[in-house]
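J.: Mind having a look at this structure? Questions to follow.
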Amino acid sequence: MNCKNIPRLFIDKELKLNARIELNHNDKHYLKNVLRLYNGDFVKIFNGLDGEWKASFEREKNYLHCIKKIKNQKKELGPTLYFALIKNHNIRWMIEKVTELGIEKLVPIITERTNNKNFNEEKAFLHVKEASEVSDRLTLPRIEKKNTLLKILEQSQKNSDILYFCNESMEDDILQNQLKNFKRKKVAFLIGPEGGFSPSEVLLIKSFNHVKPVKLFNRILKAETAAILAISIFKSYQNI
């Protein structure tokens with residue numbers, strides 16, 4: 001099997017030479033019944049701590065045998081995304097794509113215009129796990145519990161140097177201009193719900209001095225599109 005075609009799995013267990021990793025039900029089903037791997041086929045595994053390892057699939061015994069370390073662990077720094085809850089299928093798509101693009105932390109928020117107030121953390125974890133596996137990440141983004149707008153503004157003021165408020169106002173400066181002289185800082189993005197933030201919420205957001213209102217495009221974007229575009233623009237400047 002070509003090295004590029006070897007499947008990757010996130011394994012939440014210690015990885016070291018000759019370790020035998022017992023598979024959970026979902027991973028066992030994936031390797032056996034979806035990928036149809038045979039005994040002795042290779043799998044690349046990572047846990048966010050111990051680098052990436054090449055492992056041999058022991059089909060009959062349902063475990064992976066670590067045989068060689070192929071990547072050392074490294075920090076994968078990225079921005080935080082504060083996002084208003086939207087429709088479930090749109091959330092899944094957004095989470096998968098920003099994970100592939102290198103988001104570091106995901107924080108769902110409740111706003112005045114939030115229609116869907118449910119957030120399934122277990123499903124979100126599966127989405128980031130799958131996206132991390134296919135995108136060659138060595139870490140998984142952290143997923144925090146949903147919170148209110150006021151709480152995340154206070155939280156981001158403590159944890160971030162800048163919170164880019166992806167506003168719908170055409171009068172705001174474009175994000176690219178804000179990033180021209182980008183220096184490594186703790187950066188976060190705030191994305192609103194369908195219909196945008198209410199006028200009172202906009203006033204609240206702008207009352208925090210670490211907030212920078214920006215526009216992403218010369219059109220109104222859907223929430224999930226805005227999130228993906230914002231992270232894409234930021235990563236293009238971060239990697240220069």
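Scheme for the structure tokens: letters A, B, ... for chains in order shown; per-chain residue numbers from 1; ligand numbers from 1 in order shown.
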What residues in range 6-55 of chain A get the DSSP label helix (DSSP H, G or I)? Please answer as a ChimeraX atom specification.
T.: /A:25-34
J.: Determine, counting only C-alpha atoms, which protein, DNA and RNA residues have an atom within 7 Å of an atom of His210 in chain A; residues of the same chain fewer than 2 positions away are not included. Present the result as a ChimeraX atom specification.
T.: /A:157,161-163,208,212
J.: Nearest to Ser135 in chain A: which of A:Glu58, A:Glu96, A:Asp172, A:Glu112 is it, counting only C-alpha atoms?
T.: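 Counting only C-alpha atoms, the residue closest to Ser135 in chain A is A:Glu96.
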J.: Could the residues of range 28-120 of chain A that have an atom at most 9 Å from range 219-223 of chain A be listed as a tab-separated table, each with its closest atom pair and the distance in Å to one decimal, counting only C-alpha atoms and ordered by chain and ascending residue number?
T.:
```
residue	atom	partner	partner_atom	distance
A:Phe83	CA	A:Ala223	CA	8.3
A:Ala84	CA	A:Ala223	CA	8.3
A:Ile86	CA	A:Ala223	CA	7.8
A:Asn90	CA	A:Ala223	CA	8.8
A:Met94	CA	A:Ala223	CA	8.8
```
J.: Any chance you could export the current selection's all heavy atoms as a compact mmCIF listing (two decimals), in the first residue's frame?
T.:
```txt
# COMPACT_ATOMS: atom_id res chain seq x y z
N PHE A 83 -18.60 30.93 17.45
CA PHE A 83 -19.63 30.89 16.41
C PHE A 83 -21.02 30.71 17.01
O PHE A 83 -21.22 29.91 17.91
CB PHE A 83 -19.34 29.77 15.40
CG PHE A 83 -19.38 28.38 15.98
CD1 PHE A 83 -20.52 27.60 15.89
CD2 PHE A 83 -18.27 27.86 16.65
CE1 PHE A 83 -20.55 26.31 16.42
CE2 PHE A 83 -18.30 26.58 17.19
CZ PHE A 83 -19.45 25.81 17.07
N ALA A 84 -21.97 31.49 16.49
CA ALA A 84 -23.36 31.33 16.91
C ALA A 84 -23.90 30.02 16.35
O ALA A 84 -23.56 29.62 15.23
CB ALA A 84 -24.20 32.51 16.41
N ILE A 86 -26.08 27.45 14.50
CA ILE A 86 -26.91 27.50 13.30
C ILE A 86 -27.47 26.09 13.07
O ILE A 86 -27.39 25.23 13.95
CB ILE A 86 -26.09 27.99 12.09
CG1 ILE A 86 -24.80 27.16 11.93
CG2 ILE A 86 -25.75 29.46 12.24
CD1 ILE A 86 -23.95 27.53 10.73
N ASN A 90 -25.33 22.49 8.77
CA ASN A 90 -24.40 23.56 8.44
C ASN A 90 -23.26 23.64 9.45
O ASN A 90 -22.12 23.94 9.09
CB ASN A 90 -25.12 24.91 8.36
CG ASN A 90 -26.08 24.98 7.19
OD1 ASN A 90 -25.95 24.23 6.23
ND2 ASN A 90 -27.04 25.88 7.25
N MET A 94 -19.26 23.33 8.62
CA MET A 94 -18.36 24.39 9.06
C MET A 94 -17.25 23.84 9.95
O MET A 94 -16.07 24.15 9.76
CB MET A 94 -19.14 25.46 9.83
CG MET A 94 -18.29 26.61 10.34
SD MET A 94 -19.20 27.67 11.48
CE MET A 94 -19.26 26.59 12.92
```
J.: Using only C-alpha atoms, find the one residue out of A:Arg113, A:Lys28, A:Lys71, A:Lys105 that sits nearest to Glu194 in chain A.
T.: A:Arg113
J.: Which residues come within 12 Å of Leu77 in chain A, counting only C-alpha atoms, excluding same-chain residues fewer than 4 positions away, as a PDB file with N, CA and C atoms, in the first residue's frame?
T.:
```pdb
ATOM      1  N   THR A  99     -11.622  22.896  10.811  1.00  0.00           N
ATOM      2  CA  THR A  99     -10.649  21.953  11.377  1.00  0.00           C
ATOM      3  C   THR A  99      -9.552  21.662  10.364  1.00  0.00           C
ATOM      4  N   LEU A 101      -8.604  23.558   8.065  1.00  0.00           N
ATOM      5  CA  LEU A 101      -7.845  24.790   7.839  1.00  0.00           C
ATOM      6  C   LEU A 101      -6.939  25.160   9.005  1.00  0.00           C
ATOM      7  N   GLY A 102      -7.117  24.520  10.168  1.00  0.00           N
ATOM      8  CA  GLY A 102      -6.176  24.741  11.264  1.00  0.00           C
ATOM      9  C   GLY A 102      -6.706  25.504  12.454  1.00  0.00           C
ATOM     10  N   ILE A 103      -8.003  25.464  12.684  1.00  0.00           N
ATOM     11  CA  ILE A 103      -8.556  26.119  13.880  1.00  0.00           C
ATOM     12  C   ILE A 103      -8.003  25.428  15.124  1.00  0.00           C
ATOM     13  N   GLU A 104      -7.807  26.188  16.189  1.00  0.00           N
ATOM     14  CA  GLU A 104      -7.264  25.610  17.422  1.00  0.00           C
ATOM     15  C   GLU A 104      -8.349  25.346  18.463  1.00  0.00           C
ATOM     16  N   LYS A 105      -9.366  26.219  18.492  1.00  0.00           N
ATOM     17  CA  LYS A 105     -10.424  26.051  19.500  1.00  0.00           C
ATOM     18  C   LYS A 105     -11.757  26.479  18.915  1.00  0.00           C
ATOM     19  N   ARG A 137      -3.517  16.556  10.245  1.00  0.00           N
ATOM     20  CA  ARG A 137      -3.217  17.247  11.495  1.00  0.00           C
ATOM     21  C   ARG A 137      -2.646  16.265  12.510  1.00  0.00           C
ATOM     22  N   LEU A 138      -1.870  16.791  13.454  1.00  0.00           N
ATOM     23  CA  LEU A 138      -1.357  15.964  14.550  1.00  0.00           C
ATOM     24  C   LEU A 138      -2.121  16.218  15.849  1.00  0.00           C
ATOM     25  N   THR A 139      -2.999  17.221  15.823  1.00  0.00           N
ATOM     26  CA  THR A 139      -3.801  17.545  17.001  1.00  0.00           C
ATOM     27  C   THR A 139      -5.257  17.697  16.590  1.00  0.00           C
ATOM     28  N   LEU A 140      -6.137  17.650  17.582  1.00  0.00           N
ATOM     29  CA  LEU A 140      -7.544  17.934  17.364  1.00  0.00           C
ATOM     30  C   LEU A 140      -7.879  19.289  17.979  1.00  0.00           C
ATOM     31  N   PRO A 141      -8.721  20.094  17.324  1.00  0.00           N
ATOM     32  CA  PRO A 141      -9.157  21.338  17.955  1.00  0.00           C
ATOM     33  C   PRO A 141      -9.893  21.054  19.260  1.00  0.00           C
ATOM     34  N   ARG A 142      -9.753  21.966  20.220  1.00  0.00           N
ATOM     35  CA  ARG A 142     -10.515  21.851  21.463  1.00  0.00           C
ATOM     36  C   ARG A 142     -11.932  22.360  21.232  1.00  0.00           C
ATOM     37  N   ARG A 184       2.661  37.565  15.272  1.00  0.00           N
ATOM     38  CA  ARG A 184       2.075  36.422  15.985  1.00  0.00           C
ATOM     39  C   ARG A 184       1.406  36.876  17.274  1.00  0.00           C
ATOM     40  N   LYS A 185       0.112  36.747  17.294  1.00  0.00           N
ATOM     41  CA  LYS A 185      -0.693  37.107  18.458  1.00  0.00           C
ATOM     42  C   LYS A 185      -1.762  36.048  18.653  1.00  0.00           C
ATOM     43  N   LYS A 186      -2.402  36.095  19.802  1.00  0.00           N
ATOM     44  CA  LYS A 186      -3.547  35.222  20.045  1.00  0.00           C
ATOM     45  C   LYS A 186      -4.765  35.872  19.400  1.00  0.00           C
ATOM     46  N   VAL A 187      -5.257  35.226  18.372  1.00  0.00           N
ATOM     47  CA  VAL A 187      -6.320  35.804  17.566  1.00  0.00           C
ATOM     48  C   VAL A 187      -7.579  34.948  17.666  1.00  0.00           C
ATOM     49  N   ALA A 188      -8.739  35.613  17.681  1.00  0.00           N
ATOM     50  CA  ALA A 188     -10.020  34.919  17.684  1.00  0.00           C
ATOM     51  C   ALA A 188     -10.953  35.587  16.681  1.00  0.00           C
ATOM     52  N   LYS A 235      -5.168  32.229   7.792  1.00  0.00           N
ATOM     53  CA  LYS A 235      -4.087  31.254   7.642  1.00  0.00           C
ATOM     54  C   LYS A 235      -3.157  31.617   6.490  1.00  0.00           C
ATOM     55  N   GLN A 238      -0.907  34.070   8.121  1.00  0.00           N
ATOM     56  CA  GLN A 238      -0.135  33.459   9.207  1.00  0.00           C
ATOM     57  C   GLN A 238       1.049  32.672   8.654  1.00  0.00           C
ATOM     58  N   ASN A 239       0.895  32.098   7.496  1.00  0.00           N
ATOM     59  CA  ASN A 239       1.934  31.217   6.939  1.00  0.00           C
ATOM     60  C   ASN A 239       2.938  31.952   6.064  1.00  0.00           C
TER      61      ASN A 239
END
```
J.: Point out the residue among A:Asn177, A:Lys97, A:Phe217, A:Pro79 with the least atom-to-atom distance to Val134 in chain A, counting only C-alpha atoms.
T.: A:Lys97
J.: From the set A:Phe119, A:Phe10, A:Tyr164, A:Trp93, which residue has the shortest atom-to-atom contact distance to Asn47 in chain A, counting only C-alpha atoms?
T.: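 Closest to Asn47 in chain A, using only C-alpha atoms: A:Phe10.
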J.: Calculated over only C-alpha atoms, which of the candidates A:His127, A:Glu154, A:Ser236, A:Ile91 has the smallest distance to Phe182 in chain A?
T.: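 Answer, going by the shortest atom-to-atom distance: A:Ser236.
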J.: Neighbours of range 16-21 of chain A within 6 Å (only C-alpha atoms; same-chain residues fewer than 3 positions away dropped), as JSON, numbers by chain?
T.: {"A": [63, 64, 65, 66, 67]}
J.: What residues in range 106-166 of chain A get the DSSP label strand (DSSP E)? Please answer as JSON, numbers by chain.
T.: {"A": [106, 107, 108, 109, 110, 142, 143, 147, 148, 162, 163, 164, 165, 166]}
J.: Could you write out the selected residues, including C-alpha atoms, as a PDB file, in the first residue's frame?
T.:
```
ATOM      1  CA  LEU A 106     -14.167  26.019  18.792  1.00  0.00           C
ATOM      2  CA  VAL A 107     -16.653  27.785  21.079  1.00  0.00           C
ATOM      3  CA  PRO A 108     -20.407  27.724  20.291  1.00  0.00           C
ATOM      4  CA  ILE A 109     -22.467  30.683  21.515  1.00  0.00           C
ATOM      5  CA  ILE A 110     -26.128  31.528  22.114  1.00  0.00           C
ATOM      6  CA  ARG A 142     -10.515  21.851  21.463  1.00  0.00           C
ATOM      7  CA  ILE A 143     -14.292  22.073  21.716  1.00  0.00           C
ATOM      8  CA  ASN A 147     -21.861  29.960  26.250  1.00  0.00           C
ATOM      9  CA  THR A 148     -23.520  33.357  26.084  1.00  0.00           C
ATOM     10  CA  ILE A 162      -7.586  40.545  19.117  1.00  0.00           C
ATOM     11  CA  LEU A 163     -11.161  39.415  18.483  1.00  0.00           C
ATOM     12  CA  TYR A 164     -12.077  39.979  14.844  1.00  0.00           C
ATOM     13  CA  PHE A 165     -15.805  40.663  14.721  1.00  0.00           C
ATOM     14  CA  CYS A 166     -16.901  39.458  11.279  1.00  0.00           C
TER      15      CYS A 166
END
```
